[in-house]
>>> print(open('coords.txt').read())   # compact mmCIF, C-alpha atoms
# COMPACT_ATOMS: atom_id res chain seq x y z
CA PHE Q 301 -26.79 37.40 6.77
CA THR Q 302 -28.87 40.18 5.25
CA ASP Q 303 -32.39 40.36 3.77
CA GLY Q 304 -30.88 39.28 0.41
CA THR Q 305 -27.91 37.02 1.33
CA PHE Q 306 -28.03 33.65 3.04
CA GLU Q 307 -26.15 30.37 3.38
CA VAL Q 308 -27.50 26.83 3.04
CA LYS Q 309 -25.67 23.74 4.35
CA ALA Q 310 -26.83 20.43 2.91
CA THR Q 311 -25.71 16.79 3.06
CA PHE Q 312 -26.45 14.36 0.23
CA GLU Q 313 -26.25 10.56 0.22
CA GLU Q 314 -25.90 8.76 -3.10
CA ASP Q 315 -28.84 6.50 -3.95
CA LEU Q 316 -27.55 2.97 -4.61
CA GLY Q 317 -29.03 1.78 -7.89
CA PRO Q 318 -28.80 -1.45 -9.91
CA LEU Q 319 -25.31 -0.58 -11.21
CA SER Q 320 -23.82 -0.21 -7.72
CA LEU Q 321 -21.15 -2.71 -6.67
CA ASP Q 322 -22.20 -5.38 -4.18
CA PRO Q 323 -20.32 -4.47 -0.97
CA THR Q 324 -20.44 -8.07 0.27
CA ASN Q 325 -18.53 -9.51 -2.70
CA ALA Q 326 -15.11 -9.64 -1.01
CA GLN Q 327 -12.47 -11.69 -2.78
CA GLU Q 328 -8.76 -11.41 -3.53
CA ALA Q 329 -7.32 -8.45 -5.47
CA ASP Q 330 -4.23 -8.54 -7.67
CA GLN Q 331 -4.04 -4.75 -7.95
CA VAL Q 332 -0.60 -3.23 -7.41
CA PHE Q 333 -0.60 0.33 -6.08
CA VAL Q 334 2.57 2.30 -6.86
CA LEU Q 335 2.48 5.90 -5.68
CA ASP Q 336 5.01 8.64 -5.12
CA PRO Q 337 4.13 10.44 -1.87
CA ASP Q 338 4.37 14.19 -1.46
CA TRP Q 339 7.41 14.38 0.81
CA ALA Q 340 6.52 17.95 1.76
CA GLU Q 341 3.65 16.38 3.71
CA ALA Q 342 3.83 13.83 6.52
CA VAL Q 343 4.81 10.29 5.48
CA GLU Q 344 4.18 7.85 8.32
CA ILE Q 345 5.06 4.15 8.55
CA GLY Q 346 4.00 2.48 11.79
CA VAL Q 347 3.69 -0.92 13.41
CA VAL Q 348 0.52 -2.39 14.97
CA ARG Q 349 -0.06 -5.73 16.65
CA SER Q 350 -3.45 -7.33 17.15
CA GLY Q 351 -4.24 -8.46 20.66
CA VAL Q 352 -6.68 -8.61 23.56
CA LYS Q 353 -6.52 -6.33 26.58
CA THR Q 354 -8.08 -7.72 29.79
CA ALA Q 355 -8.31 -6.42 33.32
CA SER Q 356 -6.00 -8.16 35.79
CA GLY Q 357 -6.32 -7.02 39.38
CA ARG Q 358 -5.67 -3.28 39.43
CA GLY Q 359 -3.88 -3.37 36.10
CA GLU Q 360 -4.29 -4.68 32.55
CA GLN Q 361 -2.81 -7.59 30.70
CA VAL Q 362 -2.29 -7.65 26.92
CA SER Q 363 -2.15 -10.89 24.96
CA THR Q 364 -0.88 -10.49 21.39
CA GLN Q 365 -2.37 -12.43 18.50
CA GLY Q 366 -0.84 -13.60 15.25
CA VAL Q 367 2.76 -14.45 14.47
CA ALA Q 368 3.94 -10.99 13.41
CA PRO Q 369 3.03 -7.31 13.64
CA SER Q 370 1.46 -5.43 10.74
CA LEU Q 371 2.84 -2.28 9.17
CA THR Q 372 0.70 0.78 8.58
CA PHE Q 373 1.24 3.42 5.91
CA SER Q 374 -0.13 6.95 5.70
CA PHE Q 375 0.93 9.59 3.19
CA THR Q 376 -0.39 12.30 0.91
CA VAL Q 377 -0.34 12.15 -2.88
CA THR Q 378 -0.40 15.37 -4.90
CA GLU Q 379 -1.60 15.04 -8.48
CA PHE Q 380 -1.89 17.78 -11.09
CA THR Q 381 -4.45 16.40 -13.54
CA ARG Q 382 -7.99 15.14 -13.00
CA ASP Q 383 -7.14 11.88 -14.75
CA GLN Q 384 -4.39 11.14 -12.22
CA VAL Q 385 -6.69 11.90 -9.28
CA TYR Q 386 -9.54 9.84 -10.72
CA SER Q 387 -7.23 6.86 -11.27
CA ILE Q 388 -6.60 6.80 -7.50
CA LEU Q 389 -10.32 7.11 -6.76
CA GLU Q 390 -11.04 4.32 -9.23
CA VAL Q 391 -8.77 1.93 -7.33
CA PHE Q 392 -10.38 2.93 -4.01
CA ASP Q 393 -13.88 2.36 -5.40
CA GLY Q 394 -12.88 -0.89 -7.09
CA CYS Q 395 -11.52 -2.23 -3.79
CA ARG Q 396 -14.74 -1.11 -2.03
CA GLY Q 397 -12.76 0.96 0.41
CA ALA Q 398 -11.34 -1.22 3.16
CA LEU Q 399 -13.04 -4.39 1.95
CA VAL Q 400 -10.71 -5.89 -0.67
CA PRO Q 401 -6.92 -6.17 -0.17
CA LEU Q 402 -4.35 -5.07 -2.74
CA TRP Q 403 -0.58 -4.75 -3.09
CA LEU Q 404 1.31 -1.63 -2.02
CA VAL Q 405 4.93 -0.91 -2.89
CA SER Q 406 6.47 0.84 0.11
CA PRO Q 407 6.95 4.60 -0.41
CA LEU Q 408 10.29 4.25 1.40
CA VAL Q 409 12.99 2.82 -0.88
CA VAL Q 410 14.89 0.42 1.39
CA PHE Q 411 17.48 -1.25 -0.83
CA GLU Q 412 20.12 -0.16 -3.35
CA PRO Q 413 20.51 -2.93 -5.96
CA VAL Q 414 24.01 -3.76 -7.18
CA ALA Q 415 23.29 -6.95 -9.19
CA ILE Q 416 20.31 -9.05 -10.23
CA ALA Q 417 19.73 -12.55 -11.58
CA ALA Q 418 16.62 -14.55 -12.42
CA ASN Q 419 15.84 -15.52 -8.81
CA HIS Q 420 17.80 -13.12 -6.60
CA VAL Q 421 18.89 -9.53 -6.26
CA ASP Q 422 22.05 -8.30 -4.51
CA VAL Q 423 21.63 -5.10 -2.50
CA GLU Q 424 23.81 -2.92 -0.35
CA VAL Q 425 23.21 -3.43 3.36
CA PRO Q 426 20.97 -0.62 4.70
CA ALA Q 427 22.53 1.41 7.50
CA GLY Q 428 21.66 -0.03 10.92
CA ALA Q 429 19.86 -3.07 9.51
CA THR Q 430 20.36 -6.57 10.87
CA LEU Q 431 20.10 -9.66 8.70
CA GLY Q 432 17.88 -11.52 11.17
CA ASP Q 433 15.23 -8.78 11.38
CA VAL Q 434 15.01 -8.39 7.63
CA ASP Q 435 14.92 -12.15 7.10
CA ASP Q 436 12.05 -12.45 9.61
CA TYR Q 437 9.85 -9.61 8.39
CA VAL Q 438 10.53 -8.96 4.69
CA ARG Q 439 8.18 -11.31 2.87
CA TYR Q 440 7.81 -9.59 -0.52
CA LEU Q 441 9.82 -7.26 -2.74
CA GLY Q 442 8.56 -4.70 -5.20
CA ILE Q 443 10.92 -4.36 -8.17
CA ARG Q 444 10.00 -1.14 -9.96
CA LEU Q 445 11.24 -0.80 -13.52
CA GLU Q 446 12.00 2.26 -15.63
CA ASP Q 447 9.10 1.50 -17.99
CA GLY Q 448 6.62 1.95 -15.12
CA SER Q 449 5.90 -1.73 -14.51
CA VAL Q 450 6.29 -3.42 -11.13
CA GLU Q 451 7.13 -7.01 -10.26
CA ILE Q 452 6.02 -8.40 -6.88
CA VAL Q 453 8.20 -11.35 -5.82
CA THR Q 454 8.08 -13.65 -2.77
CA VAL Q 455 11.24 -13.63 -0.65
CA THR Q 456 12.58 -17.10 0.14
CA GLY Q 457 15.77 -16.15 2.00
CA ILE Q 458 18.44 -13.51 2.64
CA THR Q 459 22.15 -14.26 2.94
CA LEU Q 460 25.25 -12.13 3.52
CA GLN Q 461 27.64 -11.94 0.57
CA ALA Q 462 31.19 -10.62 0.34
CA GLY Q 463 31.43 -7.08 1.63
CA PRO Q 464 28.36 -5.08 2.70
CA VAL Q 465 26.01 -6.90 0.31
CA TRP Q 466 22.91 -8.99 0.96
CA ARG Q 467 21.52 -11.50 -1.52
CA ILE Q 468 17.71 -11.62 -1.42
CA ALA Q 469 16.39 -14.76 -3.10
CA PHE Q 470 12.82 -15.01 -4.39
CA SER Q 471 10.65 -17.72 -5.90
CA GLU Q 472 9.34 -15.93 -9.00
CA ALA Q 473 11.76 -15.49 -11.90
CA THR Q 474 12.51 -12.04 -13.30
CA ALA Q 475 14.02 -11.04 -16.62
CA ALA Q 476 14.88 -7.51 -15.44
CA THR Q 477 18.41 -6.21 -15.80
CA LEU Q 478 20.18 -3.83 -13.42
CA ASP Q 479 19.91 -0.97 -15.93
CA GLU Q 480 16.12 -1.41 -16.10
CA ILE Q 481 15.55 -1.20 -12.33
CA LEU Q 482 14.26 2.07 -10.92
CA SER Q 483 14.05 0.88 -7.31
CA VAL Q 484 13.91 -2.20 -5.10
CA THR Q 485 11.98 -2.04 -1.84
CA THR Q 486 9.55 -3.98 0.27
CA ALA Q 487 6.05 -4.79 -0.97
CA HIS Q 488 3.07 -5.34 1.30
CA HIS Q 489 -0.35 -6.99 1.06
CA VAL Q 490 -2.60 -4.27 2.47
CA ARG Q 491 -6.10 -2.90 2.57
CA PHE Q 492 -7.28 0.68 2.86
CA GLN Q 493 -7.55 1.58 6.53
CA GLU Q 494 -10.83 3.46 6.12
CA ASP Q 495 -13.98 3.17 4.02
CA ASP Q 496 -13.94 6.85 3.09
CA LEU Q 497 -11.41 8.97 1.23
CA GLU Q 498 -11.00 12.73 1.38
CA GLU Q 499 -9.89 14.82 -1.59
CA GLU Q 500 -8.64 18.39 -1.27
CA TRP Q 501 -8.83 20.23 -4.59
CA VAL Q 502 -6.41 23.15 -5.01
CA THR Q 503 -7.58 23.99 -8.53
CA ASP Q 504 -10.04 22.30 -10.90
CA GLU Q 505 -7.14 20.03 -11.95
CA ALA Q 506 -4.74 19.72 -8.99
CA ALA Q 507 -5.70 17.88 -5.82
CA GLN Q 508 -4.25 16.16 -2.78
CA VAL Q 509 -5.44 12.80 -1.47
CA THR Q 510 -4.34 11.33 1.85
CA LEU Q 511 -4.14 7.53 1.80
CA SER Q 512 -3.86 5.15 4.76
CA PHE Q 513 -3.23 1.40 4.59
CA VAL Q 514 -2.77 -1.46 7.04
CA GLU Q 515 -0.90 -4.64 6.21
CA VAL Q 516 -2.97 -7.83 6.22
CA GLN Q 517 -1.69 -11.17 7.34
CA ASP Q 518 -2.21 -14.45 5.48
CA GLU Q 519 -5.94 -14.29 4.80
CA ALA Q 520 -5.87 -17.42 2.63
CA THR Q 521 -5.97 -19.34 5.92
CA TYR Q 522 -9.56 -18.21 6.33
CA GLY Q 523 -10.76 -19.44 2.93
CA GLY Q 524 -11.57 -17.84 -0.42
CA ALA Q 525 -9.27 -18.69 -3.31
CA ALA Q 526 -11.14 -16.84 -6.08
CA THR Q 527 -9.47 -13.98 -7.95
CA PHE Q 528 -11.09 -10.55 -7.77
CA THR Q 529 -10.47 -8.31 -10.79
CA ASP Q 530 -12.57 -5.18 -10.19
CA CYS Q 531 -9.53 -3.12 -9.15
CA THR Q 532 -8.76 -2.31 -12.76
CA ALA Q 533 -6.86 1.00 -12.62
CA ALA Q 534 -3.08 0.75 -12.54
CA VAL Q 535 -1.42 3.74 -10.95
CA ALA Q 536 2.27 4.38 -11.56
>>> encode(input="coords.txt", output="structure tokens")
Amino acid sequence: FTDGTFEVKATFEEDLGPLSLDPTNAQEADQVFVLDPDWAEAVEIGVVRSGVKTASGRGEQVSTQGVAPSLTFSFTVTEFTRDQVYSILEVFDGCRGALVPLWLVSPLVVFEPVAIAANHVDVEVPAGATLGDVDDYVRYLGIRLEDGSVEIVTVTGITLQAGPVWRIAFSEATAATLDEILSVTTAHHVRFQEDDLEEEWVTDEAAQVTLSFVEVQDEATYGGAATFTDCTAAVA
């Protein structure tokens, strides 16, 4: 810019050494990701369906694949300490970006619990919801407790009770009481949508991280029953 002021732009790539994680070691993750999105930023929940698009005459024909669509999630998390930010980055690194799946509790709280037993929870019917749609597409619940813990349970059926109440039955037993429940919503088996993550630091402590996930279908069908435990950081 002058004879004494200049600017240098440089790009650096980390050298993978002997302590680097093997990116081909893809197995199952039991990590549960519970995050509170920054609702001042965009929170997006979408639906995607795998398929094949082929030319047909002067138009195109789309053939869908799989038995159900997948949900996508994208939202921003604002944290105010370096430890909180690094705990998110630790999960991302442990899951090798988009390689290893994990569990995500939906940022949108769907249900209002009114009673709970060992193998079911009664919830108020969400406005505009139909029993058939929920019964078809809600496969897991995330029961978030006041102490910060989360229980992921497998939905086995949904029935209409007296009044505007649904009973959602699940296979795993819970000992939680109604007073201990912070929220009940859907849970999803997902993977990060991208292999890179961008951090925006506001100060040397506060930062924003935008996270994107896509729901995975039943991958056990394709083999691999081992348990992967590298995703060690629990975020609540």
>>> residues_around(input="coords.txt", residues="Q:Trp501", least_positions_apart="6", cutoff="12 Å", atoms="only C-alpha atoms", output="MDAnalysis selection string")
chainID Q and resid 377:382 385 507:510
>>> residues_around(input="coords.txt", residues="stretch 471-475 of chain Q", least_positions_apart="4", cutoff="6 Å", atoms="all atoms listed in the file", output="list in words")
Ala418, Asn419, Val453 and Thr454 of chain Q
>>> atom_distance(input="coords.txt", atom1="atom CA of Q:Gln461", atom2="atom CA of Q:Gly442")
21.2 Å
>>> closest_residue(input="coords.txt", among="Q:Asp336, Q:Asp435, Q:Glu360, Q:Glu314", to="Q:Thr459", atoms="all atoms listed in the file")
Q:Asp435
>>> closest_atom_pairs(input="coords.txt", of="stretch 391-459 of chain Q", to="stretch 363-374 of chain Q", cutoff="12 Å", atoms="all atoms listed in the file", output="tab-separated table")
residue	atom	partner	partner_atom	distance
Q:Leu404	CA	Q:Phe373	CA	9.4
Q:Val405	CA	Q:Phe373	CA	10.5
Q:Ser406	CA	Q:Phe373	CA	8.2
Q:Pro407	CA	Q:Phe373	CA	8.6
Q:Leu408	CA	Q:Phe373	CA	10.1
Q:Asp433	CA	Q:Ala368	CA	11.7
Q:Asp436	CA	Q:Ala368	CA	9.1
Q:Tyr437	CA	Q:Ala368	CA	7.9
Q:Val438	CA	Q:Ala368	CA	11.1
Q:Arg439	CA	Q:Ala368	CA	11.4
>>> atom_distance(input="coords.txt", atom1="atom CA of Q:Val332", atom2="atom CA of Q:Leu402")
6.3 Å
>>> closest_residue(input="coords.txt", among="Q:Asp422, Q:Val484, Q:Gly463, Q:Glu390", to="Q:Tyr440", atoms="only C-alpha atoms")
Q:Val484
>>> closest_residue(input="coords.txt", among="Q:Arg467, Q:Arg358, Q:Lys309, Q:His489", to="Q:His420", atoms="only C-alpha atoms")
Q:Arg467
